[in-house]
Amino acid sequence: MPLLAIMALAAGTYAFRLAGPLLRQRVRMPEGAQRLFAMAAAVLLIALAATSALTQGHGFAGWARPAGVGVAGLLAARRAPFPVVVIAAAATTAMLRLCGVP
Amino acid sequence: MNMRLFWRTTVPPGVGRAALRDIALVCLADAIVGISFGATAVSGGLRPWVPVAMSLLVFAGGAQFAAVGVVIAGGSPVAAVAAGLILNTRMLPYGFAVADVTEGRWWTRLAGAHVTVDESVAFALRQDDPSRRRGVFWACGLALFAVWNVAVVAGVAAGAAIRNTGAFGLDATFPAVLLALALPSLADRGTRRAAAAGAAAAVAMTPFVPAGLPVLASLGGLAFAGPRGRTFAGPRGRWRIWPRLAGPVTPTAPSGTTARSGTTARSGTTAPSGTTEDRAGSVAEGREH
């Protein structure tokens with residue numbers, strides 16, 4: 001990944017972050033746009049979670065990883081603490097791989 | 001080290017001890033994610049300085065993982081930057097939501113903008129008192145910046161040392177974190193529909209299109225969100241990022257039923273006899289981890 005790409009991502013991200021504090025006096029975010037942004041972020045997060053859980057390159061990632069993510073999802077839905085969720089995901093996947101599940 | 005004494009002596013003014021404990025938990029979780037990010041990046045073939053530079057300059061876990069994931073999967077840097085930037089558009093409303101917290105000198109604004117992340121915003125929005133908002137925002141933002149960057153360096157070192165990071169299941173931590181982050185917002189039915197459609201489309205097209213594109217294409221799922229749902233105004237008319245878990249608490253509803261229907265997504269810790277204020281508060285608290 002070239003430095004230029006990192007700089008572009010960093011600059012764009014920083015611009016998003018700074019726009020609110022700088023423009024708040026003059027611009028009001030319309031409620032519809034706010035809702036759309038929140039929804040778009042959730043859609044991207046879930047899509048990224050799904051693709052990174054299920055796929056590796058252009059193929060299936062194997063069962064161990066989605067199983068770990070599934071356990072983490074259940075724990076998160078039951079409001080388990082964040083570290084527990086993360087460690088459970090890694091532990092489940094590691095255990096399954098130890099048992100020979102790809 | 002005596003942690004209790006540590007908290008008591010170092011609690012910044014305006015930050016409750018309970019909030020500090022939550023911030024410490026989030027830092028711990030992000031440290032694990034940071035380690036896994038550094039290890040994933042170098043074991044995927046990236047040079048060690050790449051994840052370190054990204055963590056310092058971009059400082060947004062989801063976007064960093066997305067960009068690195070796209071590059072490791074064989075996607076172009078342009079697709080990587082696009083995925084990261086779209087994921088970070090949420091910083092735009094975040095900035096508006098916490099603009100009052102970083103008011104003051106120009107350099108507190110510049111620094112405050114850089115530590116505007118999901119966690120610091122979530123903590124700030126949980127507080128109604130202005131000085132508390134400021135306290136938790138800065139405590140969370142600065143602590144996370146330090147912890148995140150140290151963890152990524154540690155992860156880079158670990159990834160370089162451990163050949164087979166897959167054996168430790170580190171690759172499962174990233175989707176797990178994303179899922180945990182997005183879960184509260186899925187309580188909104190429209191968001192849930194949009195996310196389900198988007199994720200299904202993204203997974204289905206992954207075998208056939210260039211890496212990075214499926215995640216961007218998932219935004220098409222927004223078309224399935226259906227009619228506009230309710231928007232919420234928090235205290236002082238402030239907009240809240242994540243939709244509330246359930247409908248408004250009606251004071252006239254018989255005791256118990258409101259709490260039950262309002263907290264179906266949670267483990268049901270709300271006392272049935274609690275006052276309306278209590279219930280509203282606990283529902284609001286349930287939004288964040």
# chains A, B, ... in the order shown; residues from 1 in each chain; ligands from 1

call {"tool": "residues_around", "arguments": {"residues": "stretch 146-154 of chain B", "least_positions_apart": "2", "cutoff": "10 Å", "atoms": "only C-alpha atoms", "output": "JSON, numbers by chain"}}
result
{"B": [27, 28, 29, 30, 31, 32, 33, 34, 35, 36, 37, 38, 39, 41, 48, 49, 51, 52, 53, 54, 55, 56, 59, 60, 61, 141, 142, 143, 144, 156, 157, 158, 159, 160]}

call {"tool": "interface_residues", "arguments": {"of": "chain B", "to": "chain A", "cutoff": "6 Å", "atoms": "only C-alpha atoms", "output": "PyMOL selection string"}}
result
chain B and resi 29+57-58+73+81+90-92+95-96+99+113+167-170+172-173+175-176+178-180+182+191+195+199+203+206-207+215

call {"tool": "closest_residue", "arguments": {"among": "B:Arg21, B:Leu213, B:Ala223, B:Cys140", "to": "B:Ile86", "atoms": "only C-alpha atoms"}}
result
B:Leu213

call {"tool": "atom_distance", "arguments": {"atom1": "atom CA of B:Ala83", "atom2": "atom CA of B:Glu119"}}
result
20.4 Å
